[in-house]
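As structure tokens, the structure follows; a few thoughts come after it.
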Amino acid sequence: MNYRRRTTIIAATCLVVSLAASSFVLHRTDQLRPQATLDEVLFLSSPKVIERASLGYKGLMACIYWTRTVQYFGYRHHYYAASYNLLAPLLEITTHLDPHLVVAYEFGSSFLAPKPPHGAGEPERAIELMKYGIENNPDNWRLYYDLGFVYYVELRDYKAAAEAFERGSHVPNAHPFLKILAAQMAQHAGEYETARMLWSATYQTTQDKQIKQNAIDHLRALRVDEDVKHLQQAVTRFGERTGRLPANMAELLGAEGIPGIPVDPDSHPYKMTPEGRIEVRNPDDLPFITRGLPPGYQRKYHVLP
Amino acid sequence: MRNRIAYIASNTFREAVRDRVLYNLIAFALLLSGAAILVGQISIEIEKLVVINLGLTAVSLFGVVIAIFIGIGLVSKEIEKRTLYTVLSRPVRRWEFIIGKFFGLAGTLVVNTFFMAIGVFAALFYVSHKFVRADALILVALYFIVLEFVIICSVALLFSSFSSPLLSAVFAFSLFIVGCFAEDLRNFAGMAHGILRWLATGAAYLVPNFSAFNVITSIAHEQPVAGQLILQNTLYALSYAAMALSGAVLIFEHRDLK
């Protein structure tokens with residue numbers, strides 16, 4: 001083996017070993033300070049400063065900030081975080097850099113509006129975001145739909161929701177269901193019926209898998225809420241009629257003439273507690289349900305640093 | 001005369017290729033293919049936007065860096081290596097030398113941009129699986145980027161005609177940054193009073209204004225570009241480059257090369 005070849009082999013070996021060693025040490029250091037690389041810091045919070053710093057390449061910067069928003073939300077959502085402090089500023093920066101980035105408004109509002117842990121619980125900021133989006137993209141009917149959606153689902157503001165759907169229905173090529181939604185809002189139609197229509201419309205009009213899954217989860221939750229409500233009403237009627245609670249679900253179903261055993265969307269039968277409460281078997285499998293939860297049931301919340 | 005300019009231009013091009021300038025294409029290809037594959041997994045619904053934004057931004061920034069770092073050495077390197085004396089001892093006028101160098105560098109950048117454009121379209125096809133009519137707008141953005149290069153080449157050459165490579169790089173890069181803020185400079189001039197207003201207005205017109213050339217974001221959203229803007233940007237780039245080249249020729253003609 002000549003000198004040159006020997007040096008090459010030694011240098012290559014040193015390179016690989018030192019790379020492995022440095023990676024190992026870094027990994028151990030990360031374990032010592034687990035949150036160090038995930039600090040929530042927005043070094044530059046002013047959209048205008050960031051716009052200037054981008055030297056005119058605003059589109060790329062907006063894509064970077066949008067990706068950062070998605071990562072931030074995804075990380076905190078994964079750990080059921082109770083707060084999303086940077087979400088609104090990140091969305092503000094993203095949409096300031098690229099006011100035509102429609103995806104940031106659509107997803108942004110669904111990140112911002114729902115209560116934790118499903119979202120940031122900031123419906124007012126979601127509305128601000130949507131209004132900014134409509135201002136910059138007045139011909140996009142989906143933004144009006146999303147605005148009305150936030151008004152209805154999060155704030156129960158029927159008037160504002162009807163107004164948003166109505167305005168959206170006048171946009172060229174708007175989906176026809178906007179007119180129906182506007183009318184339903186104006187009439188304060190049945191809660192479940194309207195909500196089901198909204199989520200069904202969301203499911204049908206989106207191409208995104210995550211939005212589709214979110215719509216399915218909400219539709220499942222609506223079904224549970226409606227089932228539990230009807231069964232609970234049956235228990236009340238039974239009690240009024242007989243002066244006592246039904247002994248079990250079979251007695252209730254027989255007395256009320258309900259055919260079959262009612263099951264939740266996962267085909268698990270609903271259960272009735274000795275106190276006459278109707279509950280689901282596995283509440284963890286049914287996010288978004290508001291009825292049928294055991295007393296004191298709390299979804300997992302973490303306060304991330 | 002034309003032959004002499006063409007000869008200097010082709011030599012400049014060959015020299016740039018020999019300096020492995022086109023190696024940046026490898027970095028560009030890696031960047032784009034990496035982004036095209038990765039972004040779909042870490043973001044939502046912006047794969048196409050990222051390919052267009054990142055692709056065109058990279059074309060622009062890579063080109064600017066090449067234009068500056070090659071442009072600044074075009075004259076000074078020839079003096080340093082003493083090859084300039086050989087060239088000028090032949091029937092070549094100084095202004096022909098400058099113009100030839102300019103076309104050589106611009107040609108290098110056009111070729112570089114051409115290959116990068118192929119990369120952008122290939123990445124676009126990878127994420128979209130098809131081309132739509134609006135994708136043709138990318139060609140307009142690429143054309144504007146080339147116009148930007150024309151200005152930067154001429155500016156780099158102007159600095160190279162009287163300054164050292166290091167200082168030329170600082171001047172050219174600063175001018176590029178200031179050019180990106182030219183609109184702000186104009187707004188500042190609008191708010192100023194008295195002599196400051198005149199100075200700011202003068203500076204705003206003297207520095208190259210790159211803001212009108214950057215249509216990447218709107219093109220990514222398939223928004224059309226007005227024909228008038230294409231015409232005016234072309235005229236602006238040509239007249240600005242002509243101005244900078246004239247300055248370079250004037251300085252170089254009177255420079256004592258002994």
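As shown in the structure tokens, the chain order sets the letters A, B, ...; within each chain, residues go from 1, and ligands are also counted from 1 in the order they appear.
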
Expected answer as a PyMOL selection string: chain B residues within 7 Å of chain A, only C-alpha atoms: chain B and resi 42-43+45+50+53-54+57+180+211+214+216-217

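Taking only region 45-287 of chain A, the residues that DSSP calls strand (DSSP E or B) from the backbone come to A:Ala81, A:Val263, A:Pro269, A:Lys271, A:Met272, A:Ile278, A:Glu279.
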
Those of region 2-234 of chain B in DSSP helix (DSSP H, G or I), formatted as a ChimeraX atom specification: /B:2-18,21-42,47-71,76-80,83-89,94-128,133-160,165-180,182-191,194-206,211-213,216-220,227-234

For region 225-227 of chain A, work out the shell of residues within 8 Å, counting only C-alpha atoms and skipping chain neighbours fewer than 5 positions away, then give it as a PDB file with N, CA and C atoms, in the first residue's frame.
ATOM      1  N   TYR A 192     -78.336  20.414  14.510  1.00  0.00           N
ATOM      2  CA  TYR A 192     -77.634  19.255  13.964  1.00  0.00           C
ATOM      3  C   TYR A 192     -77.721  19.235  12.441  1.00  0.00           C
ATOM      4  N   PRO A 262     -78.975   0.746  19.869  1.00  0.00           N
ATOM      5  CA  PRO A 262     -78.274   1.885  19.257  1.00  0.00           C
ATOM      6  C   PRO A 262     -76.768   1.808  19.489  1.00  0.00           C
ATOM      7  N   ILE A 289     -67.013  15.112  20.401  1.00  0.00           N
ATOM      8  CA  ILE A 289     -68.371  14.893  20.926  1.00  0.00           C
ATOM      9  C   ILE A 289     -68.573  15.781  22.152  1.00  0.00           C
ATOM     10  N   THR A 290     -69.798  16.237  22.318  1.00  0.00           N
ATOM     11  CA  THR A 290     -70.087  17.101  23.468  1.00  0.00           C
ATOM     12  C   THR A 290     -71.051  16.409  24.429  1.00  0.00           C
ATOM     13  N   ARG A 291     -71.687  15.332  23.975  1.00  0.00           N
ATOM     14  CA  ARG A 291     -72.610  14.572  24.828  1.00  0.00           C
ATOM     15  C   ARG A 291     -72.109  13.134  24.972  1.00  0.00           C
ATOM     16  N   GLY A 292     -72.614  12.454  25.996  1.00  0.00           N
ATOM     17  CA  GLY A 292     -72.261  11.049  26.187  1.00  0.00           C
ATOM     18  C   GLY A 292     -70.909  10.846  26.828  1.00  0.00           C
TER      19      GLY A 292
END

Close residues, Ala244 (chain B) itself excluded, 12 Å, only C-alpha atoms, min 4 positions apart in chain, as a list in words: Ile98, Ile99, Phe102, Val150, Ile151, Ile152, Cys153, Ser154, Val155, Ala156, Leu157, Leu158, Phe159, Ser160, Ser161, Ala172, Leu206, Val207, Pro208, Ala237, Leu238, Ser239, Tyr240, Ala248, Val249, Leu250 and Ile251 of chain B

Close residues, Ile138 (chain B) itself excluded, 12 Å, only C-alpha atoms, min 5 positions apart in chain, as number ranges by chain: B: 49, 51-53, 55-57, 59, 117-118, 120-121, 124, 131-133, 143-145, 214-225

Shell around Val127 (chain B) at 8 Å using only C-alpha atoms, local window under 5 positions removed, as a list in words: Ala36, Glu47 and Lys48 of chain B

Since we have the selection now, will you write its residues out, keeping N, CA and C atoms, as a compact mmCIF listing (two decimals), in the first residue's frame?
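So result.txt came out as:
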# COMPACT_ATOMS: atom_id res chain seq x y z
N ALA B 36 -38.78 19.63 -3.75
CA ALA B 36 -39.98 19.04 -4.36
C ALA B 36 -40.43 17.80 -3.59
N GLU B 47 -46.87 22.55 -2.61
CA GLU B 47 -45.76 21.93 -3.35
C GLU B 47 -45.44 22.72 -4.62
N LYS B 48 -46.47 23.02 -5.39
CA LYS B 48 -46.23 23.71 -6.66
C LYS B 48 -45.71 25.13 -6.41

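In this model, the gap between CA of Leu44 (chain A) and CA of Leu87 (chain A) comes to 14.0 Å.
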